[in-house]
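Coordinates as given in final-v7.pdb (PDB, C-alpha atoms):
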```pdb
ATOM      1  CA  ARG C 108     -36.084  -3.175  -9.969
ATOM      2  CA  PRO C 109     -35.204  -3.403  -6.296
ATOM      3  CA  LEU C 110     -31.549  -4.111  -5.717
ATOM      4  CA  SER C 111     -32.274  -7.496  -4.107
ATOM      5  CA  GLN C 112     -33.886  -8.681  -7.344
ATOM      6  CA  LEU C 113     -30.811  -7.917  -9.426
ATOM      7  CA  PRO C 114     -28.627 -10.947  -9.982
ATOM      8  CA  PRO C 115     -25.026 -10.830  -8.838
ATOM      9  CA  PRO C 116     -22.420 -10.522 -11.557
ATOM     10  CA  ASP C 117     -21.810 -13.728 -13.476
ATOM     11  CA  SER C 118     -20.326 -16.004 -10.823
ATOM     12  CA  ARG C 119     -18.251 -17.792 -13.465
ATOM     13  CA  GLU C 120     -16.247 -14.580 -13.775
ATOM     14  CA  MET C 121     -16.031 -14.104 -10.035
ATOM     15  CA  GLY C 122     -14.625 -16.372  -7.413
ATOM     16  CA  GLU C 123     -16.819 -17.513  -4.577
ATOM     17  CA  ARG C 124     -15.238 -14.906  -2.308
ATOM     18  CA  GLN C 125     -16.046 -12.029  -4.684
ATOM     19  CA  GLU C 126     -19.625 -13.228  -4.973
ATOM     20  CA  GLU C 127     -19.890 -13.434  -1.185
ATOM     21  CA  LEU C 128     -18.542  -9.884  -0.883
ATOM     22  CA  TRP C 129     -20.897  -8.567  -3.529
ATOM     23  CA  LEU C 130     -23.956 -10.161  -1.935
ATOM     24  CA  ALA C 131     -22.986  -8.977   1.548
ATOM     25  CA  TRP C 132     -22.603  -5.333   0.515
ATOM     26  CA  ARG C 133     -25.711  -5.439  -1.675
ATOM     27  CA  ASP C 134     -27.812  -6.830   1.166
ATOM     28  CA  ARG C 135     -26.416  -4.418   3.743
ATOM     29  CA  LEU C 136     -26.749  -1.246   1.663
ATOM     30  CA  GLU C 137     -29.968  -1.907  -0.248
ATOM     31  CA  GLY C 138     -32.461   0.962  -0.049
ATOM     32  CA  LEU C 139     -29.766   3.240   1.270
ATOM     33  CA  PRO C 140     -31.116   6.526   2.637
ATOM     34  CA  PRO C 141     -29.116   9.663   1.750
ATOM     35  CA  LEU C 142     -28.226  11.668   4.843
ATOM     36  CA  ASP C 143     -30.166  14.918   5.047
ATOM     37  CA  LEU C 144     -28.557  17.053   7.719
ATOM     38  CA  PRO C 145     -29.839  20.556   8.431
ATOM     39  CA  ALA C 146     -27.421  23.116   7.028
ATOM     40  CA  ASP C 147     -26.746  26.765   7.584
ATOM     41  CA  ARG C 148     -26.354  27.276   3.833
ATOM     42  CA  PRO C 149     -27.565  25.428   0.737
ATOM     43  CA  ARG C 150     -25.553  22.482  -0.516
ATOM     44  CA  PRO C 151     -23.601  23.443  -3.646
ATOM     45  CA  ALA C 152     -24.825  21.920  -6.896
ATOM     46  CA  VAL C 153     -21.391  20.369  -7.453
ATOM     47  CA  ARG C 154     -19.385  19.202  -4.475
ATOM     48  CA  SER C 155     -15.844  20.341  -3.992
ATOM     49  CA  VAL C 156     -13.022  19.256  -1.745
ATOM     50  CA  ARG C 157     -13.911  22.041   0.643
ATOM     51  CA  GLY C 158     -15.467  20.489   3.678
ATOM     52  CA  GLY C 159     -15.372  20.556   7.382
ATOM     53  CA  VAL C 160     -13.621  18.551  10.016
ATOM     54  CA  CYS C 161     -14.782  18.246  13.560
ATOM     55  CA  ALA C 162     -11.761  16.982  15.464
ATOM     56  CA  PHE C 163     -11.932  16.470  19.202
ATOM     57  CA  ALA C 164     -10.043  14.725  21.955
ATOM     58  CA  ILE C 165     -11.516  12.856  24.890
ATOM     59  CA  ASP C 166      -9.912  13.437  28.277
ATOM     60  CA  GLY C 167      -8.668  10.555  30.413
ATOM     61  CA  GLU C 168     -11.766  10.340  32.616
ATOM     62  CA  GLY C 169     -14.147  10.387  29.656
ATOM     63  CA  CYS C 170     -12.042   7.825  27.827
ATOM     64  CA  ALA C 171     -12.002   5.529  30.867
ATOM     65  CA  GLY C 172     -15.782   5.764  31.183
ATOM     66  CA  LEU C 173     -16.367   5.025  27.502
ATOM     67  CA  THR C 174     -13.844   2.179  27.580
ATOM     68  CA  GLY C 175     -15.641   0.665  30.576
ATOM     69  CA  LEU C 176     -19.006   0.973  28.815
ATOM     70  CA  SER C 177     -17.567  -0.655  25.713
ATOM     71  CA  ARG C 178     -16.085  -3.558  27.654
ATOM     72  CA  ARG C 179     -19.318  -4.201  29.567
ATOM     73  CA  HIS C 180     -21.047  -4.662  26.218
ATOM     74  CA  GLY C 181     -18.266  -6.624  24.503
ATOM     75  CA  ALA C 182     -17.466  -3.780  22.126
ATOM     76  CA  THR C 183     -14.466  -1.573  21.449
ATOM     77  CA  LEU C 184     -14.034   2.121  22.116
ATOM     78  CA  PHE C 185     -14.238   2.706  18.340
ATOM     79  CA  MET C 186     -17.642   0.990  18.277
ATOM     80  CA  ALA C 187     -18.953   3.040  21.205
ATOM     81  CA  LEU C 188     -17.864   6.310  19.605
ATOM     82  CA  LEU C 189     -19.304   5.275  16.230
ATOM     83  CA  ALA C 190     -22.612   4.406  17.918
ATOM     84  CA  GLY C 191     -22.688   7.832  19.563
ATOM     85  CA  TRP C 192     -21.808   9.559  16.280
ATOM     86  CA  ALA C 193     -24.536   7.673  14.394
ATOM     87  CA  THR C 194     -27.055   8.557  17.111
ATOM     88  CA  LEU C 195     -26.136  12.236  16.870
ATOM     89  CA  LEU C 196     -26.470  12.154  13.073
ATOM     90  CA  SER C 197     -29.846  10.427  13.385
ATOM     91  CA  ARG C 198     -31.148  13.046  15.780
ATOM     92  CA  LEU C 199     -29.828  15.967  13.740
ATOM     93  CA  SER C 200     -31.241  14.607  10.484
ATOM     94  CA  GLY C 201     -34.470  13.165  11.876
ATOM     95  CA  GLN C 202     -33.661   9.930  10.032
ATOM     96  CA  GLN C 203     -34.001   6.465  11.524
ATOM     97  CA  GLU C 204     -31.085   5.036   9.550
ATOM     98  CA  VAL C 205     -27.744   6.629   8.819
ATOM     99  CA  VAL C 206     -24.714   5.448   6.898
ATOM    100  CA  VAL C 207     -21.273   6.484   8.078
ATOM    101  CA  GLY C 208     -18.074   5.967   6.132
ATOM    102  CA  THR C 209     -14.954   4.841   7.936
ATOM    103  CA  PRO C 210     -11.451   4.094   6.652
ATOM    104  CA  VAL C 211      -9.869   0.674   7.230
ATOM    105  CA  ALA C 212      -6.251  -0.378   6.849
ATOM    106  CA  ASN C 213      -7.245  -3.175   4.435
ATOM    107  CA  ARG C 214      -4.420  -5.421   5.560
ATOM    108  CA  GLY C 215      -6.547  -8.389   6.553
ATOM    109  CA  ARG C 216      -4.489 -10.917   4.642
ATOM    110  CA  SER C 217      -1.095 -12.074   5.832
ATOM    111  CA  GLU C 218       0.393 -11.560   2.340
ATOM    112  CA  VAL C 219       0.061  -7.782   2.602
ATOM    113  CA  GLU C 220       0.927  -7.266   6.272
ATOM    114  CA  LYS C 221       4.639  -6.714   5.609
ATOM    115  CA  LEU C 222       4.263  -4.795   2.343
ATOM    116  CA  VAL C 223       5.021  -1.113   2.213
ATOM    117  CA  GLY C 224       2.243   0.955   0.707
ATOM    118  CA  PHE C 225      -1.136   2.542   1.127
ATOM    119  CA  PHE C 226      -3.874  -0.114   1.201
ATOM    120  CA  VAL C 227      -6.676   1.893   2.818
ATOM    121  CA  ASN C 228     -10.240   1.099   1.856
ATOM    122  CA  THR C 229     -13.486   2.721   2.965
ATOM    123  CA  LEU C 230     -16.422   0.952   4.591
ATOM    124  CA  ALA C 231     -20.006   2.212   4.548
ATOM    125  CA  LEU C 232     -21.585   1.186   7.867
ATOM    126  CA  ARG C 233     -25.353   1.431   8.192
ATOM    127  CA  VAL C 234     -26.873   2.044  11.634
ATOM    128  CA  ASP C 235     -30.601   1.707  12.357
ATOM    129  CA  VAL C 236     -32.088   3.475  15.388
ATOM    130  CA  SER C 237     -35.735   3.070  14.329
ATOM    131  CA  GLU C 238     -36.630   0.771  17.220
ATOM    132  CA  SER C 239     -35.220   3.199  19.832
ATOM    133  CA  PRO C 240     -32.541   0.719  20.879
ATOM    134  CA  THR C 241     -31.018   0.728  24.340
ATOM    135  CA  VAL C 242     -27.332   1.569  24.608
ATOM    136  CA  GLY C 243     -26.542  -2.141  24.800
ATOM    137  CA  GLU C 244     -28.668  -2.948  21.744
ATOM    138  CA  LEU C 245     -27.125  -0.102  19.757
ATOM    139  CA  LEU C 246     -23.602  -1.169  20.689
ATOM    140  CA  ALA C 247     -24.422  -4.762  19.690
ATOM    141  CA  GLN C 248     -25.718  -3.544  16.316
ATOM    142  CA  VAL C 249     -22.709  -1.301  15.663
ATOM    143  CA  LYS C 250     -20.389  -4.119  16.710
ATOM    144  CA  ALA C 251     -22.103  -6.491  14.262
ATOM    145  CA  ARG C 252     -21.960  -3.940  11.420
ATOM    146  CA  SER C 253     -18.315  -3.110  12.139
ATOM    147  CA  LEU C 254     -17.289  -6.775  12.197
ATOM    148  CA  GLU C 255     -19.299  -7.491   9.025
ATOM    149  CA  GLY C 256     -17.588  -4.560   7.339
ATOM    150  CA  GLN C 257     -14.172  -5.828   8.417
ATOM    151  CA  GLN C 258     -14.990  -9.306   7.108
ATOM    152  CA  HIS C 259     -16.031  -7.856   3.752
ATOM    153  CA  GLN C 260     -13.408  -5.100   3.369
ATOM    154  CA  ASP C 261     -11.645  -6.854   0.474
ATOM    155  CA  LEU C 262     -14.084  -5.413  -2.049
ATOM    156  CA  PRO C 263     -12.798  -1.926  -2.971
ATOM    157  CA  PHE C 264     -15.172   0.913  -2.136
ATOM    158  CA  GLU C 265     -15.356   1.944  -5.797
ATOM    159  CA  GLN C 266     -16.717  -1.509  -6.670
ATOM    160  CA  VAL C 267     -19.235  -1.346  -3.825
ATOM    161  CA  VAL C 268     -20.528   1.940  -5.277
ATOM    162  CA  GLU C 269     -20.759   0.402  -8.768
ATOM    163  CA  LEU C 270     -22.581  -2.667  -7.488
ATOM    164  CA  VAL C 271     -25.018  -0.911  -5.134
ATOM    165  CA  ARG C 272     -25.846   1.767  -7.726
ATOM    166  CA  PRO C 273     -27.071   4.446  -5.299
ATOM    167  CA  ALA C 274     -28.872   7.517  -6.552
ATOM    168  CA  ARG C 275     -26.058   9.740  -7.790
ATOM    169  CA  SER C 276     -25.709  13.469  -7.428
ATOM    170  CA  LEU C 277     -22.881  15.868  -8.152
ATOM    171  CA  SER C 278     -23.653  17.614  -4.859
ATOM    172  CA  HIS C 279     -22.577  14.773  -2.538
ATOM    173  CA  SER C 280     -20.627  11.552  -2.454
ATOM    174  CA  PRO C 281     -22.445   8.253  -2.996
ATOM    175  CA  LEU C 282     -23.375   5.858  -0.169
ATOM    176  CA  PHE C 283     -22.470   8.187   2.702
ATOM    177  CA  GLN C 284     -21.987  11.893   3.291
ATOM    178  CA  VAL C 285     -20.270  11.763   6.696
ATOM    179  CA  MET C 286     -17.099   9.942   7.645
ATOM    180  CA  PHE C 287     -15.862   8.790  11.053
ATOM    181  CA  ALA C 288     -12.071   8.562  11.211
ATOM    182  CA  TRP C 289     -10.731   7.025  14.406
ATOM    183  CA  GLN C 290      -7.179   8.000  15.350
ATOM    184  CA  ASN C 291      -6.072   6.609  18.663
ATOM    185  CA  ALA C 292      -2.351   7.315  18.341
ATOM    186  CA  PRO C 293      -0.843  10.246  20.217
ATOM    187  CA  PRO C 294      -0.290  13.364  18.061
ATOM    188  CA  GLY C 295       2.974  13.394  16.136
ATOM    189  CA  LYS C 296       3.306   9.612  15.915
TER     190      LYS C 296
END
```

Structure translated into structure tokens:
Amino acid sequence: RPLSQLPPPDSREMGERQEELWLAWRDRLEGLPPLDLPADRPRPAVRSVRGGVCAFAIDGEGCAGLTGLSRRHGATLFMALLAGWATLLSRLSGQQEVVVGTPVANRGRSEVEKLVGFFVNTLALRVDVSESPTVGELLAQVKARSLEGQQHQDLPFEQVVELVRPARSLSHSPLFQVMFAWQNAPPGK
């Protein structure tokens, strides 16, 4: 059955907030397309921890230009870079929708702000370029998806995977195959 026809878990066992989180992620990730990027070698049958990283820095002039663009559209620099990354992935894959993973600090509640520990969670953000959006439209969409993800980050990624039930394969991770990690602190800090 389509995911939207599956009932949420028994709401008597879940609080209203958990049900809201479940429904939000289910609705956002239903019919999730796996990313099919062209590769220079076949994907291994079983994924390993060997992967690639494409790290880059943006010079001051480029950063100022992107920051200005972001501000004109009411977005952040993170959102502008994520929109560009999703557009690149869409063009490389030939797919109209892509899902990008991104880590979040997961400290949205005041009770955990002062705690010491690792609370990181992962969000799966879906971007749709099927209507050939303008830069402003794409930034508005990425902003909306990013804010929705932040609002619903309390559901651990592992539970999102269990609830969405994507097609599973040993050759790639579920929900997304590419991650966007934003680090805006100077090196060594």

Could you produce a table of the residues of range 139-190 of chain C lying within 10 Å of range 261-275 of chain C, with the nearest pair of atoms per residue and their separation in Å rounded to one decimal, using all atoms listed in the file, ordered by chain and increasing residue number, as CSV?
```
residue,atom,partner,partner_atom,distance
C:Leu139,CA,C:Pro273,CA,7.2
C:Pro140,CA,C:Pro273,CA,9.1
C:Pro141,CA,C:Ala274,CA,8.6
```

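In terms of minimum interatomic distance to Ala212 in chain C, C:Gln290 ranks closest within C:Gln290, C:Ser155, C:Thr183, C:Ser239, counting all atoms listed in the file.
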
Residues matched by the PyMOL selection byres ((chain C and resi 203) around 10), written as a PyMOL selection string: chain C and resi 140+193-194+196-198+200-202+204-205+234-239

Residue nearest Ala288 in chain C - candidates C:Phe163, C:Phe225, C:Ser276, C:Arg233, atoms counted: only C-alpha atoms: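 Going through C:Phe163, C:Phe225, C:Ser276, C:Arg233 one by one, the smallest distance to Ala288 in chain C is for C:Phe163.
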
Quick one: residues within 10 Å of Thr174 in chain C, all atoms listed in the file, excluding same-chain residues fewer than 2 positions away - as a ChimeraX atom specification? /C:168-172,176-179,182-185,187-188

Selection result of the PyMOL selection byres ((chain C and resi 133) around 10) on this file, as a ChimeraX atom specification: /C:110-111,113,115,127-132,134-138,267-268,270-272

Distance CA of His279 in chain C-CA of Leu142 in chain C, one decimal place?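 These two atoms are separated by 9.8 Å.
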
With distances taken over all atoms listed in the file, which of C:His259, C:Ala190, C:Leu232, C:Gly243 is nearest to Asn213 in chain C? C:His259

Take CA of Pro210 in chain C and CA of Thr229 in chain C and report the distance between them in Å, one decimal. 4.4 Å

Grab the CA of Lys250 in chain C to CA of Phe287 in chain C distance for me, in Å with one decimal place.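 Computing it gives 14.8 Å between the two atoms.
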
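Among C:Leu144, C:Glu220, C:Glu255, C:His180, the residue with the shortest atom-to-atom distance to Leu195 in chain C, counting all atoms listed in the file, is C:Leu144.
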
Grab all the atoms of range 244-253 of chain C that the file lists, wrap them in a box along x, y and z, add 8 Å per side, and give me centre plus edge lengths in Å (one decimal) as AutoDock Vina command-line options.
```
--center_x -23.5 --center_y -3.3 --center_z 16.6 --size_x 26.4 --size_y 22.4 --size_z 26.3
```

Restricting the calculation to all atoms listed in the file, which member of C:Leu245, C:Met286, C:Ala164, C:Leu230 is positioned closest to Gly191 in chain C? C:Leu245
